[in-house]
Amino acid sequence: QKIVEKLPHLSAGERMTLARLADRGLLHPLLADPDRRVFAALLRNPRLIVEDLVAFASTGNPLPEHLALLAADTVWSERPPLRRALLRSSRTPRFAVVALLPRTSREELRDLTDDPSIDRFVSACASRLLEDNSGH
(Lines give C-alpha, C1' and ligand atoms only; values in the text may rest on other atoms or scores of the structure.)
Protein backbone atom coordinates (compact mmCIF):
# COMPACT_ATOMS: atom_id res chain seq x y z
CA GLN A 1 0.00 0.00 0.00
CA LYS A 2 2.86 2.37 0.78
CA ILE A 3 4.36 1.82 -2.66
CA VAL A 4 1.00 2.50 -4.31
CA GLU A 5 0.82 5.81 -2.43
CA LYS A 6 4.33 6.72 -3.62
CA LEU A 7 3.77 5.79 -7.29
CA PRO A 8 2.87 9.34 -8.42
CA HIS A 9 6.11 10.61 -6.91
CA LEU A 10 8.43 8.05 -8.51
CA SER A 11 10.36 8.82 -11.68
CA ALA A 12 9.37 7.16 -14.94
CA GLY A 13 12.47 4.96 -14.73
CA GLU A 14 11.59 3.82 -11.22
CA ARG A 15 8.01 3.06 -12.28
CA MET A 16 9.30 1.13 -15.32
CA THR A 17 11.55 -1.01 -13.11
CA LEU A 18 8.70 -1.54 -10.68
CA ALA A 19 6.37 -2.49 -13.55
CA ARG A 20 8.74 -5.24 -14.70
CA LEU A 21 9.23 -6.67 -11.21
CA ALA A 22 6.06 -5.88 -9.25
CA ASP A 23 3.98 -8.40 -7.39
CA ARG A 24 0.33 -8.86 -8.30
CA GLY A 25 -0.81 -6.27 -5.76
CA LEU A 26 0.85 -3.49 -7.77
CA LEU A 27 -0.19 -4.57 -11.24
CA HIS A 28 -3.57 -2.82 -11.30
CA PRO A 29 -2.26 0.57 -10.14
CA LEU A 30 0.55 0.28 -12.70
CA LEU A 31 -1.94 -0.50 -15.48
CA ALA A 32 -3.37 2.96 -14.85
CA ASP A 33 0.01 4.67 -15.34
CA PRO A 34 -0.29 7.03 -18.31
CA ASP A 35 3.34 6.61 -19.37
CA ARG A 36 3.59 4.37 -22.43
CA ARG A 37 7.02 3.09 -21.34
CA VAL A 38 5.70 1.99 -17.95
CA PHE A 39 2.83 0.16 -19.62
CA ALA A 40 5.22 -1.53 -22.07
CA ALA A 41 7.44 -2.63 -19.17
CA LEU A 42 4.41 -4.00 -17.34
CA LEU A 43 3.59 -6.23 -20.30
CA ARG A 44 6.86 -8.07 -19.59
CA ASN A 45 6.01 -8.73 -15.95
CA PRO A 46 5.74 -12.53 -15.48
CA ARG A 47 3.00 -12.07 -12.87
CA LEU A 48 0.66 -10.33 -15.31
CA ILE A 49 -2.04 -12.67 -16.61
CA VAL A 50 -4.41 -12.43 -19.55
CA GLU A 51 -7.41 -11.90 -17.26
CA ASP A 52 -5.78 -8.73 -15.92
CA LEU A 53 -5.46 -7.37 -19.43
CA VAL A 54 -8.96 -8.44 -20.51
CA ALA A 55 -10.41 -6.59 -17.51
CA PHE A 56 -8.20 -3.59 -18.28
CA ALA A 57 -9.31 -3.47 -21.93
CA SER A 58 -12.97 -4.09 -21.14
CA THR A 59 -13.62 -1.73 -18.25
CA GLY A 60 -12.86 1.80 -17.25
CA ASN A 61 -11.11 4.18 -19.58
CA PRO A 62 -7.90 2.59 -20.83
CA LEU A 63 -5.77 4.89 -22.92
CA PRO A 64 -6.13 4.15 -26.63
CA GLU A 65 -2.33 4.23 -26.89
CA HIS A 66 -2.10 1.41 -24.33
CA LEU A 67 -4.70 -0.65 -26.19
CA ALA A 68 -2.72 -0.13 -29.41
CA LEU A 69 0.41 -1.41 -27.63
CA LEU A 70 -1.50 -4.50 -26.52
CA ALA A 71 -2.84 -5.10 -30.01
CA ALA A 72 0.67 -4.86 -31.44
CA ASP A 73 2.21 -7.13 -28.81
CA THR A 74 3.00 -10.46 -30.49
CA VAL A 75 2.56 -12.44 -27.28
CA TRP A 76 -0.53 -10.90 -25.70
CA SER A 77 -2.53 -10.22 -28.86
CA GLU A 78 -2.50 -13.93 -29.74
CA ARG A 79 -4.58 -14.69 -26.65
CA PRO A 80 -8.19 -15.04 -27.92
CA PRO A 81 -9.90 -13.52 -24.84
CA LEU A 82 -7.69 -10.43 -25.01
CA ARG A 83 -7.97 -10.12 -28.78
CA ARG A 84 -11.76 -10.31 -28.41
CA ALA A 85 -11.72 -7.57 -25.73
CA LEU A 86 -9.50 -5.36 -27.90
CA LEU A 87 -11.73 -5.81 -30.94
CA ARG A 88 -14.83 -4.97 -28.93
CA SER A 89 -13.45 -1.93 -27.12
CA SER A 90 -14.51 1.40 -28.59
CA ARG A 91 -11.24 2.80 -27.25
CA THR A 92 -8.99 0.55 -29.35
CA PRO A 93 -7.70 2.66 -32.25
CA ARG A 94 -9.05 1.56 -35.61
CA PHE A 95 -5.57 0.96 -37.05
CA ALA A 96 -4.95 -1.52 -34.22
CA VAL A 97 -8.27 -3.26 -34.84
CA VAL A 98 -7.54 -3.57 -38.56
CA ALA A 99 -4.19 -5.19 -37.72
CA LEU A 100 -5.88 -7.71 -35.41
CA LEU A 101 -8.71 -8.74 -37.71
CA PRO A 102 -6.69 -10.99 -40.08
CA ARG A 103 -5.62 -13.08 -37.07
CA THR A 104 -9.19 -13.48 -35.89
CA SER A 105 -11.14 -16.72 -36.28
CA ARG A 106 -14.13 -16.93 -38.63
CA GLU A 107 -16.38 -17.40 -35.59
CA GLU A 108 -15.04 -14.23 -33.97
CA LEU A 109 -15.46 -12.34 -37.25
CA ARG A 110 -19.07 -13.51 -37.48
CA ASP A 111 -19.67 -12.38 -33.90
CA LEU A 112 -18.32 -8.93 -34.78
CA THR A 113 -20.59 -8.63 -37.80
CA ASP A 114 -23.68 -9.85 -35.90
CA ASP A 115 -23.29 -7.59 -32.85
CA PRO A 116 -25.05 -4.23 -33.32
CA SER A 117 -22.98 -2.65 -30.54
CA ILE A 118 -19.75 -3.07 -32.56
CA ASP A 119 -18.39 -0.02 -34.36
CA ARG A 120 -19.73 0.01 -37.94
CA PHE A 121 -16.24 0.31 -39.41
CA VAL A 122 -15.04 -2.74 -37.44
CA SER A 123 -18.14 -4.70 -38.41
CA ALA A 124 -17.69 -3.80 -42.09
CA CYS A 125 -14.03 -4.85 -42.04
CA ALA A 126 -14.92 -8.15 -40.36
CA SER A 127 -17.66 -8.73 -42.93
CA ARG A 128 -15.25 -8.05 -45.77
CA LEU A 129 -12.72 -10.52 -44.37
CA LEU A 130 -15.43 -13.17 -44.11
CA GLU A 131 -16.43 -12.58 -47.73
CA ASP A 132 -12.82 -12.62 -48.96
CA ASN A 133 -12.09 -15.86 -47.12
CA SER A 134 -15.20 -17.62 -48.36
CA GLY A 135 -14.24 -17.34 -52.00
CA HIS A 136 -16.89 -14.77 -52.97
# chains A, B, ... in the order shown; residues from 1 in each chain; ligands from 1
call {"tool": "residues_around", "arguments": {"residues": "Leu69 of chain A", "least_positions_apart": "4", "cutoff": "9 Å", "atoms": "only C-alpha atoms", "output": "list in words"}}
result
Arg36, Phe39, Ala40, Pro64, Glu65, Asp73 and Ala96 of chain A
call {"tool": "write_last_selection", "arguments": {"atoms": "N, CA, C and O atoms", "output": "PDB file, in the first residue's frame"}}
result
ATOM      1  N   ARG A  36       3.532   5.494 -21.486  1.00  0.00           N
ATOM      2  CA  ARG A  36       3.590   4.369 -22.433  1.00  0.00           C
ATOM      3  C   ARG A  36       4.727   3.402 -22.096  1.00  0.00           C
ATOM      4  O   ARG A  36       4.593   2.190 -22.218  1.00  0.00           O
ATOM      5  N   PHE A  39       3.773   1.183 -19.174  1.00  0.00           N
ATOM      6  CA  PHE A  39       2.826   0.164 -19.624  1.00  0.00           C
ATOM      7  C   PHE A  39       3.551  -0.932 -20.408  1.00  0.00           C
ATOM      8  O   PHE A  39       3.314  -2.115 -20.192  1.00  0.00           O
ATOM      9  N   ALA A  40       4.459  -0.554 -21.288  1.00  0.00           N
ATOM     10  CA  ALA A  40       5.219  -1.534 -22.072  1.00  0.00           C
ATOM     11  C   ALA A  40       6.060  -2.423 -21.153  1.00  0.00           C
ATOM     12  O   ALA A  40       6.159  -3.636 -21.372  1.00  0.00           O
ATOM     13  N   PRO A  64      -6.203   4.780 -25.311  1.00  0.00           N
ATOM     14  CA  PRO A  64      -6.127   4.145 -26.629  1.00  0.00           C
ATOM     15  C   PRO A  64      -4.700   3.744 -27.004  1.00  0.00           C
ATOM     16  O   PRO A  64      -4.490   2.692 -27.615  1.00  0.00           O
ATOM     17  N   GLU A  65      -3.735   4.538 -26.594  1.00  0.00           N
ATOM     18  CA  GLU A  65      -2.334   4.228 -26.885  1.00  0.00           C
ATOM     19  C   GLU A  65      -1.917   2.911 -26.225  1.00  0.00           C
ATOM     20  O   GLU A  65      -1.168   2.124 -26.803  1.00  0.00           O
ATOM     21  N   ASP A  73       1.343  -6.206 -29.539  1.00  0.00           N
ATOM     22  CA  ASP A  73       2.209  -7.128 -28.813  1.00  0.00           C
ATOM     23  C   ASP A  73       2.018  -8.546 -29.346  1.00  0.00           C
ATOM     24  O   ASP A  73       0.910  -9.093 -29.319  1.00  0.00           O
ATOM     25  N   ALA A  96      -5.313  -0.326 -34.996  1.00  0.00           N
ATOM     26  CA  ALA A  96      -4.953  -1.516 -34.221  1.00  0.00           C
ATOM     27  C   ALA A  96      -5.963  -2.639 -34.455  1.00  0.00           C
ATOM     28  O   ALA A  96      -5.588  -3.805 -34.569  1.00  0.00           O
TER      29      ALA A  96
END
call {"tool": "residues_around", "arguments": {"residues": "segment 109-111 of chain A", "least_positions_apart": "4", "cutoff": "10 Å", "atoms": "only C-alpha atoms", "output": "list in words"}}
result
Arg84, Leu87, Leu101, Pro102, Arg103, Thr104, Ser105, Asp115, Pro116, Ile118, Val122, Ser123, Cys125, Ala126, Ser127, Arg128, Leu129 and Leu130 of chain A
call {"tool": "closest_residue", "arguments": {"among": "A:Val4, A:Ala12, A:His28, A:Val98", "to": "Ala71 of chain A", "atoms": "only C-alpha atoms"}}
result
A:Val98
call {"tool": "select_by_dssp", "arguments": {"residues": "segment 35-101 of chain A", "states": "alpha helix (DSSP H)", "output": "PyMOL selection string"}}
result
chain A and resi 36-42+50-58+64-72+80-88+94-100
call {"tool": "residues_around", "arguments": {"residues": "Leu31 of chain A", "least_positions_apart": "4", "cutoff": "10 Å", "atoms": "only C-alpha atoms", "output": "list of chain:residue names"}}
result
A:Ala19, A:Leu26, A:Leu27, A:Asp35, A:Val38, A:Phe39, A:Ala40, A:Leu42, A:Leu43, A:Asp52, A:Leu53, A:Phe56, A:Pro62, A:Leu63, A:His66
call {"tool": "closest_residue", "arguments": {"among": "A:Val75, A:Met16, A:Ala55, A:Val97", "to": "Arg37 of chain A", "atoms": "only C-alpha atoms"}}
result
A:Met16
call {"tool": "atom_distance", "arguments": {"atom1": "atom CA of Thr92 of chain A", "atom2": "atom CA of Leu67 of chain A"}}
result
5.5 Å
call {"tool": "atom_distance", "arguments": {"atom1": "atom CA of Val54 of chain A", "atom2": "atom CA of Pro81 of chain A"}}
result
6.7 Å
call {"tool": "atom_distance", "arguments": {"atom1": "atom CA of Leu112 of chain A", "atom2": "atom CA of Ala32 of chain A"}}
result
27.6 Å
